[in-house]
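Source file: structure.cif (mmCIF, C-alpha atoms)
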data_coords
loop_
_atom_site.group_PDB
_atom_site.id
_atom_site.type_symbol
_atom_site.label_atom_id
_atom_site.label_comp_id
_atom_site.auth_asym_id
_atom_site.auth_seq_id
_atom_site.Cartn_x
_atom_site.Cartn_y
_atom_site.Cartn_z
ATOM 1 C CA TRP A 1 125.175 112.941 155.226
ATOM 2 C CA SER A 2 125.769 111.013 152.032
ATOM 3 C CA PRO A 3 129.388 110.737 150.799
ATOM 4 C CA LYS A 4 128.525 112.950 147.832
ATOM 5 C CA LEU A 5 127.064 115.663 150.079
ATOM 6 C CA ARG A 6 129.977 115.474 152.509
ATOM 7 C CA LEU A 7 132.419 115.974 149.652
ATOM 8 C CA LYS A 8 130.420 118.865 148.196
ATOM 9 C CA VAL A 9 130.330 120.710 151.518
ATOM 10 C CA PHE A 10 134.006 120.011 152.026
ATOM 11 C CA LEU A 11 134.988 121.455 148.668
ATOM 12 C CA ASP A 12 132.559 124.368 148.756
ATOM 13 C CA SER A 13 134.218 125.538 151.961
ATOM 14 C CA SER A 14 137.728 125.193 150.555
ATOM 15 C CA ILE A 15 139.444 128.552 150.395
ATOM 16 C CA MET A 16 142.489 127.007 148.763
ATOM 17 C CA ALA A 17 140.508 125.439 145.964
ATOM 18 C CA ALA A 18 138.845 128.740 145.187
ATOM 19 C CA ARG A 19 142.172 130.563 145.199
ATOM 20 C CA LEU A 20 144.081 128.044 143.100
ATOM 21 C CA PHE A 21 141.435 127.137 140.592
ATOM 22 C CA GLY A 22 139.202 130.159 140.264
ATOM 23 C CA ARG A 23 136.160 127.898 140.452
ATOM 24 C CA LEU A 24 134.792 125.249 142.748
ATOM 25 C CA PRO A 25 135.149 121.853 141.066
ATOM 26 C CA ARG A 26 132.522 119.131 140.938
ATOM 27 C CA GLY A 27 132.578 115.861 142.867
ATOM 28 C CA LEU A 28 135.876 114.017 142.942
ATOM 29 C CA ALA A 29 137.004 115.993 139.904
ATOM 30 C CA ALA A 30 138.398 118.678 142.207
ATOM 31 C CA LEU A 31 141.370 118.876 139.964
ATOM 32 C CA GLY A 32 141.479 122.103 137.996
ATOM 33 C CA ALA A 33 144.214 124.656 138.087
ATOM 34 C CA THR A 34 143.611 127.482 135.642
ATOM 35 C CA SER A 35 146.745 129.571 136.004
ATOM 36 C CA ALA A 36 148.722 129.820 132.751
ATOM 37 C CA LEU A 37 152.277 128.495 132.578
ATOM 38 C CA GLY A 38 154.980 130.930 131.584
ATOM 39 C CA ALA A 39 154.138 134.210 129.873
ATOM 40 C CA ALA A 40 155.923 135.086 126.629
ATOM 41 C CA ALA A 41 158.685 137.648 127.049
ATOM 42 C CA PHE A 42 157.725 141.246 126.307
ATOM 43 C CA THR A 43 159.648 142.690 123.375
ATOM 44 C CA SER A 44 159.763 146.152 121.867
ATOM 45 C CA THR A 45 161.556 147.793 118.998
ATOM 46 C CA ALA A 46 162.795 150.353 121.515
ATOM 47 C CA TRP A 47 164.635 147.699 123.530
ATOM 48 C CA PRO A 48 167.159 145.127 122.352
ATOM 49 C CA VAL A 49 165.738 141.620 122.700
ATOM 50 C CA SER A 50 168.754 140.531 124.739
ATOM 51 C CA ALA A 51 167.880 143.115 127.386
ATOM 52 C CA VAL A 52 164.468 141.593 128.030
ATOM 53 C CA ALA A 53 164.460 138.705 130.504
ATOM 54 C CA GLU A 54 162.184 135.854 129.576
ATOM 55 C CA GLU A 55 159.916 134.678 132.357
ATOM 56 C CA LYS A 56 161.130 131.307 133.523
ATOM 57 C CA GLN A 57 158.610 128.506 133.534
ATOM 58 C CA PRO A 58 158.521 126.405 136.712
ATOM 59 C CA GLU A 59 160.239 123.044 136.660
ATOM 60 C CA VAL A 60 158.042 119.985 136.885
ATOM 61 C CA ALA A 61 157.486 118.585 140.351
ATOM 62 C CA LEU A 62 158.345 114.944 139.712
ATOM 63 C CA SER A 63 161.837 113.515 139.445
ATOM 64 C CA PRO A 64 162.574 110.061 138.003
ATOM 65 C CA LYS A 65 165.851 109.908 139.910
ATOM 66 C CA GLU A 66 165.053 111.100 143.419
ATOM 67 C CA TRP A 67 162.277 110.733 145.972
ATOM 68 C CA LYS A 68 160.467 114.012 146.600
ATOM 69 C CA PRO A 69 158.069 114.692 149.492
ATOM 70 C CA PHE A 70 154.672 116.290 148.879
ATOM 71 C CA LYS A 71 152.499 117.647 151.654
ATOM 72 C CA LEU A 72 148.870 116.597 152.123
ATOM 73 C CA ALA A 73 146.653 119.679 151.848
ATOM 74 C CA LYS A 74 143.124 118.228 151.820
ATOM 75 C CA LYS A 75 141.522 114.925 152.705
ATOM 76 C CA VAL A 76 138.004 113.509 152.875
ATOM 77 C CA THR A 77 136.514 110.038 153.211
ATOM 78 C CA VAL A 78 133.975 109.772 150.415
ATOM 79 C CA ALA A 79 132.669 106.241 150.938
ATOM 80 C CA GLU A 80 132.675 103.582 153.642
ATOM 81 C CA ASN A 81 131.541 99.985 153.434
ATOM 82 C CA ASP A 82 130.813 98.690 156.927
ATOM 83 C CA LYS A 83 130.428 95.104 155.693
ATOM 84 C CA THR A 84 133.856 94.850 154.063
ATOM 85 C CA GLY A 85 135.739 97.450 156.098
ATOM 86 C CA ILE A 86 136.858 99.073 152.846
ATOM 87 C CA SER A 87 136.713 102.855 152.576
ATOM 88 C CA THR A 88 137.489 105.278 149.755
ATOM 89 C CA VAL A 89 139.543 108.365 150.589
ATOM 90 C CA TRP A 90 140.248 111.400 148.403
ATOM 91 C CA LEU A 91 143.521 113.232 149.073
ATOM 92 C CA ARG A 92 145.021 116.396 147.565
ATOM 93 C CA PHE A 93 148.773 117.007 147.739
ATOM 94 C CA SER A 94 150.395 120.402 147.163
ATOM 95 C CA LEU A 95 153.279 121.048 144.788
ATOM 96 C CA ASP A 96 155.879 123.753 145.418
ATOM 97 C CA SER A 97 153.801 126.489 143.784
ATOM 98 C CA PRO A 98 150.250 126.904 142.370
ATOM 99 C CA ASP A 99 151.555 127.058 138.795
ATOM 100 C CA GLN A 100 154.015 124.154 138.988
ATOM 101 C CA PRO A 101 153.179 121.254 136.633
ATOM 102 C CA LEU A 102 153.328 117.755 138.042
ATOM 103 C CA GLY A 103 155.168 116.435 134.982
ATOM 104 C CA LEU A 104 153.269 113.207 134.385
ATOM 105 C CA PRO A 105 152.854 112.249 130.704
ATOM 106 C CA VAL A 106 150.076 110.011 129.392
ATOM 107 C CA ALA A 107 150.156 107.185 130.034
ATOM 108 C CA ALA A 108 152.318 107.032 133.148
ATOM 109 C CA CYS A 109 152.160 106.596 136.897
ATOM 110 C CA PHE A 110 154.491 107.316 139.801
ATOM 111 C CA VAL A 111 155.629 105.260 142.783
ATOM 112 C CA THR A 112 155.178 106.090 146.449
ATOM 113 C CA ARG A 113 157.467 105.107 149.334
ATOM 114 C CA ALA A 114 157.004 104.837 153.084
ATOM 115 C CA PRO A 115 159.037 103.148 155.896
ATOM 116 C CA ILE A 116 156.186 100.877 156.999
ATOM 117 C CA GLY A 117 157.478 97.407 156.169
ATOM 118 C CA GLU A 118 159.087 94.704 158.244
ATOM 119 C CA GLU A 119 161.419 95.735 161.040
ATOM 120 C CA LYS A 120 165.146 95.566 160.266
ATOM 121 C CA GLU A 121 167.976 94.574 162.592
ATOM 122 C CA ASP A 122 168.723 98.196 163.480
ATOM 123 C CA GLY A 123 165.122 98.737 164.579
ATOM 124 C CA SER A 124 164.087 100.755 161.542
ATOM 125 C CA LYS A 125 161.475 99.509 159.093
ATOM 126 C CA LYS A 126 161.878 98.507 155.474
ATOM 127 C CA ALA A 127 160.467 100.798 152.823
ATOM 128 C CA VAL A 128 157.265 99.759 151.057
ATOM 129 C CA ILE A 129 156.899 100.998 147.470
ATOM 130 C CA ARG A 130 153.653 101.026 145.485
ATOM 131 C CA PRO A 131 152.571 102.600 142.161
ATOM 132 C CA TYR A 132 149.635 105.025 141.895
ATOM 133 C CA THR A 133 148.063 107.119 139.148
ATOM 134 C CA PRO A 134 146.699 110.566 140.071
ATOM 135 C CA VAL A 135 143.045 111.269 139.353
ATOM 136 C CA THR A 136 142.319 113.400 136.277
ATOM 137 C CA THR A 137 139.264 114.408 134.242
ATOM 138 C CA ALA A 138 138.591 115.807 130.773
ATOM 139 C CA ASP A 139 138.391 119.325 132.239
ATOM 140 C CA TYR A 140 141.769 118.878 133.862
ATOM 141 C CA PRO A 141 143.975 116.271 132.160
ATOM 142 C CA ASP A 142 147.359 117.608 133.353
ATOM 143 C CA PRO A 143 147.755 118.297 137.106
ATOM 144 C CA VAL A 144 149.187 121.724 137.998
ATOM 145 C CA GLY A 145 149.780 123.094 141.509
ATOM 146 C CA THR A 146 148.399 119.979 143.151
ATOM 147 C CA PHE A 147 147.684 116.337 142.420
ATOM 148 C CA ASP A 148 144.861 114.165 143.727
ATOM 149 C CA LEU A 149 144.817 110.522 144.744
ATOM 150 C CA VAL A 150 141.745 108.392 145.347
ATOM 151 C CA ILE A 151 142.712 105.503 147.609
ATOM 152 C CA LYS A 152 140.790 102.345 148.394
ATOM 153 C CA ARG A 153 141.698 101.649 152.026
ATOM 154 C CA TYR A 154 141.742 97.888 152.523
ATOM 155 C CA PRO A 155 141.924 96.434 156.053
ATOM 156 C CA LYS A 156 145.032 94.424 155.124
ATOM 157 C CA GLY A 157 146.472 96.887 152.619
ATOM 158 C CA VAL A 158 149.878 98.110 153.798
ATOM 159 C CA MET A 159 150.379 101.171 151.595
ATOM 160 C CA SER A 160 146.696 101.918 151.018
ATOM 161 C CA LYS A 161 146.163 102.120 154.797
ATOM 162 C CA HIS A 162 149.231 104.293 155.231
ATOM 163 C CA ILE A 163 148.203 106.832 152.584
ATOM 164 C CA ALA A 164 144.531 106.848 153.567
ATOM 165 C CA ASP A 165 145.476 107.446 157.220
ATOM 166 C CA LEU A 166 147.732 110.440 156.496
ATOM 167 C CA GLU A 167 146.700 113.682 158.175
ATOM 168 C CA VAL A 168 146.754 117.141 156.640
ATOM 169 C CA GLY A 169 150.332 118.403 156.824
ATOM 170 C CA ASP A 170 151.872 114.923 156.533
ATOM 171 C CA GLU A 171 154.136 114.194 153.569
ATOM 172 C CA LEU A 172 154.214 111.395 151.009
ATOM 173 C CA GLU A 173 157.392 110.489 149.132
ATOM 174 C CA VAL A 174 156.951 110.151 145.381
ATOM 175 C CA LYS A 175 159.234 109.336 142.437
ATOM 176 C CA GLY A 176 158.454 109.286 138.738
ATOM 177 C CA PRO A 177 157.147 109.343 136.167
ATOM 178 C CA ILE A 178 157.006 105.636 135.393
ATOM 179 C CA PRO A 179 155.994 105.591 131.699
ATOM 180 C CA LYS A 180 153.526 103.018 130.407
ATOM 181 C CA PHE A 181 153.014 103.962 126.772
ATOM 182 C CA PRO A 182 153.182 107.289 124.892
ATOM 183 C CA TYR A 183 149.635 108.194 123.957
ATOM 184 C CA LYS A 184 149.175 110.114 120.704
ATOM 185 C CA ALA A 185 145.912 111.582 119.449
ATOM 186 C CA ASN A 186 144.019 109.280 117.070
ATOM 187 C CA MET A 187 146.580 106.496 117.430
ATOM 188 C CA LYS A 188 143.610 104.115 117.552
ATOM 189 C CA LYS A 189 140.112 104.376 116.103
ATOM 190 C CA LYS A 190 138.461 102.866 119.169
ATOM 191 C CA ILE A 191 139.730 102.183 122.684
ATOM 192 C CA GLY A 192 137.886 99.865 125.043
ATOM 193 C CA MET A 193 138.567 99.943 128.770
ATOM 194 C CA ILE A 194 137.910 97.331 131.443
ATOM 195 C CA ALA A 195 138.622 98.303 135.039
ATOM 196 C CA GLY A 196 137.755 97.173 138.522
ATOM 197 C CA GLY A 197 137.749 99.377 141.642
ATOM 198 C CA SER A 198 140.714 101.726 141.813
ATOM 199 C CA GLY A 199 141.845 100.396 138.426
ATOM 200 C CA LEU A 200 139.745 103.314 137.248
ATOM 201 C CA THR A 201 142.575 105.849 137.581
ATOM 202 C CA PRO A 202 144.826 104.936 134.601
ATOM 203 C CA MET A 203 141.709 104.659 132.434
ATOM 204 C CA LEU A 204 140.659 108.153 133.468
ATOM 205 C CA GLN A 205 144.134 109.437 132.643
ATOM 206 C CA VAL A 206 143.928 108.182 129.055
ATOM 207 C CA ALA A 207 140.263 109.103 128.576
ATOM 208 C CA SER A 208 140.854 112.603 129.971
ATOM 209 C CA LYS A 209 143.680 113.185 127.525
ATOM 210 C CA ILE A 210 141.509 112.072 124.610
ATOM 211 C CA LEU A 211 138.443 114.079 125.567
ATOM 212 C CA SER A 212 140.388 117.248 126.357
ATOM 213 C CA ASN A 213 141.571 117.390 122.735
ATOM 214 C CA SER A 214 138.799 118.269 120.274
ATOM 215 C CA ASP A 215 140.989 117.044 117.407
ATOM 216 C CA ASP A 216 141.176 113.552 118.908
ATOM 217 C CA LYS A 217 138.269 111.562 117.483
ATOM 218 C CA THR A 218 139.056 108.295 119.283
ATOM 219 C CA GLU A 219 135.922 106.523 120.509
ATOM 220 C CA VAL A 220 136.197 105.362 124.135
ATOM 221 C CA SER A 221 134.024 102.643 125.699
ATOM 222 C CA PHE A 222 134.534 101.919 129.394
ATOM 223 C CA VAL A 223 133.243 98.887 131.313
ATOM 224 C CA TYR A 224 133.703 99.642 135.018
ATOM 225 C CA ALA A 225 133.240 96.727 137.450
ATOM 226 C CA ASN A 226 132.614 97.004 141.196
ATOM 227 C CA ASN A 227 131.002 95.024 144.004
ATOM 228 C CA SER A 228 128.259 97.500 144.887
ATOM 229 C CA GLU A 229 126.979 100.972 144.023
ATOM 230 C CA GLU A 230 128.829 102.431 147.018
ATOM 231 C CA ASP A 231 132.123 101.192 145.572
ATOM 232 C CA ILE A 232 131.852 103.127 142.298
ATOM 233 C CA ILE A 233 134.529 105.821 142.341
ATOM 234 C CA MET A 234 133.818 109.183 140.677
ATOM 235 C CA LYS A 235 130.476 108.136 139.222
ATOM 236 C CA ASP A 236 129.235 111.733 138.956
ATOM 237 C CA ASP A 237 132.317 112.707 136.982
ATOM 238 C CA LEU A 238 132.081 109.696 134.682
ATOM 239 C CA ASP A 239 128.410 110.420 134.048
ATOM 240 C CA ASP A 240 129.242 114.057 133.282
ATOM 241 C CA MET A 241 131.916 112.988 130.799
ATOM 242 C CA GLN A 242 129.451 110.682 129.062
ATOM 243 C CA GLU A 243 126.853 113.453 128.846
ATOM 244 C CA LYS A 244 129.332 116.017 127.544
ATOM 245 C CA PHE A 245 131.301 113.911 125.055
ATOM 246 C CA SER A 246 129.664 111.812 122.352
ATOM 247 C CA ASN A 247 132.804 109.684 121.955
ATOM 248 C CA PHE A 248 132.800 108.469 125.580
ATOM 249 C CA LYS A 249 130.512 105.732 126.911
ATOM 250 C CA VAL A 250 130.612 104.189 130.380
ATOM 251 C CA HIS A 251 128.920 100.954 131.447
ATOM 252 C CA TYR A 252 128.786 100.003 135.124
ATOM 253 C CA ILE A 253 128.627 96.351 136.156
ATOM 254 C CA LEU A 254 128.085 95.216 139.749
ATOM 255 C CA ASP A 255 128.742 91.848 141.344
ATOM 256 C CA LYS A 256 126.519 92.502 144.365
ATOM 257 C CA PRO A 257 123.974 95.129 143.289
ATOM 258 C CA SER A 258 121.003 96.337 145.279
ATOM 259 C CA ASP A 259 117.487 95.371 144.235
ATOM 260 C CA SER A 260 117.030 98.810 142.697
ATOM 261 C CA TRP A 261 120.093 98.566 140.435
ATOM 262 C CA THR A 262 119.121 98.673 136.751
ATOM 263 C CA GLY A 263 122.583 98.438 135.212
ATOM 264 C CA LEU A 264 124.710 95.437 134.286
ATOM 265 C CA LYS A 265 125.015 92.664 136.861
ATOM 266 C CA GLY A 266 127.576 89.931 137.474
ATOM 267 C CA PHE A 267 131.061 89.749 136.000
ATOM 268 C CA VAL A 268 132.746 90.928 132.809
ATOM 269 C CA THR A 269 131.975 88.090 130.417
ATOM 270 C CA GLU A 270 132.380 87.511 126.689
ATOM 271 C CA ASP A 271 128.827 88.776 126.167
ATOM 272 C CA VAL A 272 129.584 92.024 128.034
ATOM 273 C CA VAL A 273 132.764 92.612 126.017
ATOM 274 C CA LYS A 274 131.044 91.809 122.722
ATOM 275 C CA GLU A 275 128.126 94.177 123.402
ATOM 276 C CA HIS A 276 129.964 97.164 124.876
ATOM 277 C CA LEU A 277 133.591 97.161 123.690
ATOM 278 C CA PRO A 278 135.275 97.408 120.270
ATOM 279 C CA GLU A 279 135.845 94.230 118.315
ATOM 280 C CA PRO A 280 139.301 92.670 117.779
ATOM 281 C CA SER A 281 141.156 94.829 115.248
ATOM 282 C CA ASP A 282 144.571 96.406 114.818
ATOM 283 C CA ASN A 283 142.738 99.740 114.681
ATOM 284 C CA ASN A 284 141.345 99.160 118.185
ATOM 285 C CA TRP A 285 142.822 98.670 121.629
ATOM 286 C CA ILE A 286 141.606 97.183 124.900
ATOM 287 C CA LEU A 287 143.079 98.517 128.173
ATOM 288 C CA VAL A 288 142.714 96.446 131.352
ATOM 289 C CA CYS A 289 143.364 97.294 135.013
ATOM 290 C CA GLY A 290 142.015 95.703 138.174
ATOM 291 C CA PRO A 291 142.705 93.310 141.041
ATOM 292 C CA PRO A 292 144.625 90.103 140.202
ATOM 293 C CA PRO A 293 141.573 87.769 140.063
ATOM 294 C CA MET A 294 139.885 90.090 137.571
ATOM 295 C CA MET A 295 143.028 90.415 135.483
ATOM 296 C CA GLU A 296 143.429 86.647 135.371
ATOM 297 C CA ALA A 297 139.856 86.193 134.166
ATOM 298 C CA ILE A 298 139.895 88.968 131.565
ATOM 299 C CA SER A 299 143.389 89.085 130.102
ATOM 300 C CA GLY A 300 145.805 87.167 132.286
ATOM 301 C CA ASP A 301 147.914 89.100 134.774
ATOM 302 C CA LYS A 302 151.163 90.865 133.981
ATOM 303 C CA GLY A 303 154.439 88.974 134.211
ATOM 304 C CA LYS A 304 156.432 88.784 137.434
ATOM 305 C CA ASP A 305 158.944 91.140 135.821
ATOM 306 C CA LYS A 306 156.082 93.619 135.218
ATOM 307 C CA SER A 307 156.077 92.849 131.489
ATOM 308 C CA GLN A 308 152.763 92.455 129.697
ATOM 309 C CA GLY A 309 152.892 88.690 130.102
ATOM 310 C CA GLU A 310 150.917 86.196 128.070
ATOM 311 C CA LEU A 311 147.410 87.104 126.936
ATOM 312 C CA SER A 312 144.734 84.720 128.217
ATOM 313 C CA GLY A 313 141.236 84.747 129.664
ATOM 314 C CA VAL A 314 138.123 86.225 128.060
ATOM 315 C CA LEU A 315 139.974 88.448 125.601
ATOM 316 C CA LYS A 316 142.155 85.623 124.316
ATOM 317 C CA LYS A 317 139.092 83.426 123.748
ATOM 318 C CA MET A 318 137.398 86.202 121.808
ATOM 319 C CA GLY A 319 140.238 86.512 119.307
ATOM 320 C CA TYR A 320 142.103 89.555 120.576
ATOM 321 C CA THR A 321 145.874 89.453 120.132
ATOM 322 C CA SER A 322 148.540 90.627 122.562
ATOM 323 C CA ASP A 323 149.129 93.692 120.371
ATOM 324 C CA GLN A 324 145.472 94.659 120.749
ATOM 325 C CA VAL A 325 145.473 94.531 124.578
ATOM 326 C CA TYR A 326 147.399 96.559 127.169
ATOM 327 C CA LYS A 327 147.561 95.640 130.860
ATOM 328 C CA PHE A 328 148.218 98.402 133.407
#
Before we go any further, please render this structure as structure tokens.
Amino acid sequence: WSPKLRLKVFLDSSIMAARLFGRLPRGLAALGATSALGAAAFTSTAWPVSAVAEEKQPEVALSPKEWKPFKLAKKVTVAENDKTGISTVWLRFSLDSPDQPLGLPVAACFVTRAPIGEEKEDGSKKAVIRPYTPVTTADYPDPVGTFDLVIKRYPKGVMSKHIADLEVGDELEVKGPIPKFPYKANMKKKIGMIAGGSGLTPMLQVASKILSNSDDKTEVSFVYANNSEEDIIMKDDLDDMQEKFSNFKVHYILDKPSDSWTGLKGFVTEDVVKEHLPEPSDNNWILVCGPPPMMEAISGDKGKDKSQGELSGVLKKMGYTSDQVYKF
């Protein structure tokens, strides 16, 4: 079976998804939770308002001060590359209740922790901590009841292997949110996005927030780079977003495409940026996220202290300023 068909069968047979979401979601966008949060208190002229208890809304799942475990509820491998040994795994983690919000603002991520590092003197292992951004779509910009991760499992990746190898019922420790920037509707006229591989997820978070708000007229252009067609994460969902929203455009570029590939080929160059992304302007913004070699070539990597660092690479040469570029 193809990865897409395997995932469809997996989700179509999911009793939990049907119960929580009231509909069976499409592709990797299995993200919707339609239950409303907190009903307004019932009041009547026959009763004093003080005698009517207001329904308490559930607290958000995340905590910025403490590590909280979340149980893996669903898992499926959606793509495997036998040549590179890299696989893509979709995982759904349950919150405490179906109507509990995750509590992750846009733009923000959280960090994960697992005792899988070097062995210490007492025989225990050091904790490894890595940041991740849950997967969202325009139909479901704010996770409720569950959150989804799409993990690229690299043969030498410590945390990516650990998360991808979790079994249903296992727990993952999470702490957050870790804020990046506070997105506000129409804060920019145009936003361009450049991502490679799993760098897709923070871009989806911002794009989903924009497209879910009909009053937000921001134009979004997304250049998504991968090695091959099999490596493109959530292509069906991205294509659906492009078809549904006139202010969202996605352009795929492959380094090692098949002979049948008709899209962009090679790397993200000045010509690609000039043709598909907004020009340098204080009214526009370019967001960048990808592996270190890509970051170095496009914008320069972030600083060792996780600051934005100095702007360099393609964007610097094209006249963009540091205020016009954000590195995830």
Hey, can I get the axis-aligned box for stretch 296-300 of chain A? All listed atoms, 5 Å padding on each side, centre and edge lengths in Å to one decimal, as lines of an AutoDock Vina configuration file.
center_x = 142.8
center_y = 87.6
center_z = 132.7
size_x = 15.9
size_y = 12.9
size_z = 15.3
- Message: Could you tell me, as a PyMOL selection string, exactly which residues end up selected when the PyMOL selection byres ((chain A and resi 224-240) around 7) is applied to this structure?
- Response: chain A and resi 27-29+79+194-197+222-223+241-244+251-257
The PyMOL selection byres ((chain A and resi 305-311) around 9) applied to the shown file, residues as a PDB file with C-alpha atoms, in the frame of the given file:
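Generated file (expr.pdb):
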ATOM      1  CA  SER A 299     143.389  89.085 130.102  1.00  0.00           C
ATOM      2  CA  GLY A 300     145.805  87.167 132.286  1.00  0.00           C
ATOM      3  CA  ASP A 301     147.914  89.100 134.774  1.00  0.00           C
ATOM      4  CA  LYS A 302     151.163  90.865 133.981  1.00  0.00           C
ATOM      5  CA  GLY A 303     154.439  88.974 134.211  1.00  0.00           C
ATOM      6  CA  LYS A 304     156.432  88.784 137.434  1.00  0.00           C
ATOM      7  CA  SER A 312     144.734  84.720 128.217  1.00  0.00           C
ATOM      8  CA  GLY A 313     141.236  84.747 129.664  1.00  0.00           C
ATOM      9  CA  LEU A 315     139.974  88.448 125.601  1.00  0.00           C
ATOM     10  CA  LYS A 316     142.155  85.623 124.316  1.00  0.00           C
ATOM     11  CA  TYR A 320     142.103  89.555 120.576  1.00  0.00           C
ATOM     12  CA  THR A 321     145.874  89.453 120.132  1.00  0.00           C
ATOM     13  CA  SER A 322     148.540  90.627 122.562  1.00  0.00           C
ATOM     14  CA  VAL A 325     145.473  94.531 124.578  1.00  0.00           C
ATOM     15  CA  TYR A 326     147.399  96.559 127.169  1.00  0.00           C
ATOM     16  CA  LYS A 327     147.561  95.640 130.860  1.00  0.00           C
ATOM     17  CA  PHE A 328     148.218  98.402 133.407  1.00  0.00           C
TER      18      PHE A 328
END
- Query: Counting only C-alpha atoms, which of A:Glu173, A:Asp215, A:Glu275, A:Glu167 gets nearest to A:Glu66?
  - Reply: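 Using only C-alpha atoms, the shortest distance to A:Glu66 belongs to A:Glu173.
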- Resolved residues for the PyMOL selection byres ((chain A and resi 59) around 8) as a ChimeraX atom specification: /A:57-58,60-61,100-101
- Residue among A:Phe70, A:Tyr140, A:Phe267, A:Phe147 lying closest to A:Gly103, counting only C-alpha atoms: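 Closest to A:Gly103 of all the choices is A:Phe147.
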- Task: To one decimal in Å, tell me the separation between atom CA of A:Asp170 and atom CA of A:Phe93.
- Result: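 Between atom CA of A:Asp170 and atom CA of A:Phe93 the gap works out to 9.6 Å.
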- Item | Nearest residue to A:Pro177 from the set A:Thr88, A:Ser63, A:Thr201, A:Ser208 (distances using all atoms listed in the file) | A:Ser63
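When atom CA of A:Ala164 is paired with atom CA of A:Lys125, their separation reads 19.3 Å.
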